[in-house]
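The structure appears right after this line, and notes come after that.
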Amino acid sequence: PRPGGRGRRVRGRTRPRRVTRVEGALLAQSASEIVRRVHSGATSAAAECERAIEAAKRADLAGLNALVARHESKGDLLASADGAGRAAAERRHPARGRRGGALAGVVLAVADDVAELALPTTAGSRALAGYVSPFEATAVARVLDAGALILGKTNVAEFGIGRDTSTSAFGATRHPDGDGRDIGGASAGLAVAVAAGLVPAGLGVDAAGDLRVPAARCGVCAIKPTYGRVSRVGAFTHAPSLAVVGSVGRTVDDAALVLEVAAGRDPLDPTSADLRVVIRTASGPTDDGRPLRGIRIGRVAAAFAQAHTEVAAAAEAALVSLRDLGAEVRNVTLAAADLVEPTYRVISAVEAASALARYDGVRFGPRFEAGGVRALVERSRGERLSAVALDTVLLGTHLAGWPNGRADADTVLARAQAARARIAQRLVDHFKTLDLLVAPALLDELAPDAAPADRRAVDHADALMLAVNLAGLPAAVVPIGPTAVRRASLHFVGAHFAEATIVRAAAALERLAAAESRT
């Protein structure tokens, strides 16, 4: 049985109001601070629910279109956290109270392509309009079991296809600064919800920098874990071999805390790793004020050279800070970087053709009155999938060689898979002598009216963003700006299952920046 209070769907509004970032206590508190206050009795899950709902109402008025479905009342929000069934209710209710779980009282947001029981999960597509999942994603179940609450579902590009949320059935999400600047990223709604102060953190899907790009553009943090670190059960994605469930947070610690709770072996996901989850660790040796002593960092020279002057300068200053914290920095070159984008395009298109085959009007969605199965499928897919999704499916079907039944080594897909293996191996080889790779997360920030060619060039000039997904490596972005007119963030990449090293370096840089801003 599904709990009551599914919430209502909030469609995007375009009222030209600039007051978008939510002020007050909710914005100031980190997830860790909320947990400490709940454990001590200084606040409660009910009080945090009220704050989140009020913040969401202000975001509605601002027309951010970050939340596409949410709970309207504290009662609905609290009831939904108990989930379905007596066992879940008995486990989750105590976790929200005093001396509760690791996320006691923390109100989170979940992207619309991650299944949750109490609200619709549509993956931004008309093909799933109104669909309420009969099961919840493993990652969602784990954060709820730890005492968290889910405010609502955030806007995503349709099935994660496209460079931004313009392909969503609910329209595009607006930047929280209210100036119309570009956000980018298929999971932009989650980054905006965190940046605007609606929630301190949340869960979403990253298949091509989908969490990292919008987080960097909104000035918040995001962590993409190693493929296999977090269960993919309940994630609606177009590219299963590329996508992972990751986190966005107001701080590195917020994102790491949520990810640590969500991660771990899941018997329902054969790709999940049976490894002990350690993401947040001690900061390292600090007797000399150098907590990153012994960390070897590779500076991706090409990304610094391609970045806008202001962005590159901010990233270079961050590298100086990392050196001051004890890290050793040396230049590196990414091999096979020119193969990254075409390889990603081929693999993601072919996987989309397979993954989206189920959305045919027979298995999902209300059926059209049509003359026969073929007409039903053609009308369902033609009218309920966006033009971008349809183009991707057609391209993927062609590239896989399915119409001709080809499955030999000469197909484009086979060559792309071979290129992927080469890219991944070259990237992994860096970690034989290095602990981290570092590059600017954003090469430039685009104007709202930038030409499509300009957008594409900026999005993909940095091969590292896509290569991380091809190789299944962990990565994180942490803000280091803004500069005079642009935001700047640093992109950290580590070896497989080295999330702890990434978080250690990113958090140290964040703490240093916070200390300098106070002086």
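Chain identifiers are assigned as A, B, and so on, following the order in which chains appear in the structure tokens; residues are numbered from 1 within each chain, and ligands are numbered from 1 in order of appearance.
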Problem set entry | Residue neighbourhood Ala157 (chain A), 7 Å, only C-alpha atoms, exclusion window fewer than 2 positions, as a count of residues only | 12
Exercise. Counting only C-alpha atoms, which of A:Arg265, A:Lys432, A:Arg330, A:Arg126 gets nearest to Ala495 (chain A)?
Worked result: A:Lys432
Problem set entry | For region 296-311 of chain A: contacts at 10 Å, only C-alpha atoms, fewer than 3 positions along chain excluded, given as an MDAnalysis selection string | chainID A and resid 292:293 314:317 319 322:323 326:334 337 430:431 433:445 458 461:464 480:490 492:494 505
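Nearest to Ala243 (chain A) of all the residues A:Ala207, A:Ala400, A:Ala123, A:Val132 is A:Ala207, based on only C-alpha atoms.
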Problem set entry | Interatomic distance, CA of Arg290 (chain A) to CA of Leu512 (chain A) (Å, one decimal) | 11.0 Å
Problem set entry | helix (DSSP H, G or I) call set, DSSP backbone run, region 149-393 of chain A, as a ChimeraX atom specification | /A:158-160,165-167,188-195,212-218,252-262,301-306,309-324,337-358,373-384,387-393
For this session: Do a neighbour search on Arg212 (chain A) at 8 Å with only C-alpha atoms, toss out local chain neighbours closer than 5 positions, and write the hits as an NGL selection string.
Result: :A and (185 or 206 or 221-224 or 441 or 476-477)
Would you write out those residues with N, CA and C atoms, as a PDB file, in the first residue's frame?
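Contents of again.pdb, freshly written:
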```
ATOM      1  N   GLY A 185      23.143  20.652 -17.378  1.00  0.00           N
ATOM      2  CA  GLY A 185      23.057  19.445 -16.569  1.00  0.00           C
ATOM      3  C   GLY A 185      21.645  18.905 -16.495  1.00  0.00           C
ATOM      4  N   ASP A 206      23.786  10.860 -12.115  1.00  0.00           N
ATOM      5  CA  ASP A 206      24.842  11.487 -12.915  1.00  0.00           C
ATOM      6  C   ASP A 206      25.303  10.492 -13.975  1.00  0.00           C
ATOM      7  N   CYS A 221      28.063  21.876  -3.961  1.00  0.00           N
ATOM      8  CA  CYS A 221      28.947  20.724  -4.119  1.00  0.00           C
ATOM      9  C   CYS A 221      28.173  19.516  -4.642  1.00  0.00           C
ATOM     10  N   ALA A 222      28.859  18.652  -5.358  1.00  0.00           N
ATOM     11  CA  ALA A 222      28.254  17.411  -5.840  1.00  0.00           C
ATOM     12  C   ALA A 222      29.308  16.316  -5.825  1.00  0.00           C
ATOM     13  N   ILE A 223      28.857  15.092  -5.532  1.00  0.00           N
ATOM     14  CA  ILE A 223      29.753  13.935  -5.550  1.00  0.00           C
ATOM     15  C   ILE A 223      29.152  12.864  -6.442  1.00  0.00           C
ATOM     16  N   LYS A 224      29.919  12.443  -7.450  1.00  0.00           N
ATOM     17  CA  LYS A 224      29.566  11.288  -8.269  1.00  0.00           C
ATOM     18  C   LYS A 224      30.395  10.115  -7.767  1.00  0.00           C
ATOM     19  N   ALA A 441      35.979  22.791 -13.056  1.00  0.00           N
ATOM     20  CA  ALA A 441      34.741  22.085 -13.376  1.00  0.00           C
ATOM     21  C   ALA A 441      34.021  22.755 -14.527  1.00  0.00           C
ATOM     22  N   ALA A 476      34.103  14.787  -7.740  1.00  0.00           N
ATOM     23  CA  ALA A 476      33.347  15.774  -6.969  1.00  0.00           C
ATOM     24  C   ALA A 476      33.673  17.161  -7.486  1.00  0.00           C
ATOM     25  N   VAL A 477      32.731  18.083  -7.319  1.00  0.00           N
ATOM     26  CA  VAL A 477      32.989  19.492  -7.601  1.00  0.00           C
ATOM     27  C   VAL A 477      32.771  20.285  -6.331  1.00  0.00           C
TER      28      VAL A 477
END
```
For this session: Have a look at CA of Thr237 (chain A) and CA of Thr122 (chain A) and let me know their distance in Å, one decimal.
Result: 11.1 Å
For this session: Select, from A:Ala235, A:Ala89, A:Ile279, A:Val478, the residue with the minimum atom-to-atom distance to Ala507 (chain A), counting only C-alpha atoms.
Result: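 Counting only C-alpha atoms, the residue closest to Ala507 (chain A) is A:Val478.
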Problem set entry | For Glu116 (chain A): contacts at 9 Å, only C-alpha atoms, fewer than 4 positions along chain excluded, given as a ChimeraX atom specification | /A:110,112,120-121,132-137,140-141,150,153,234
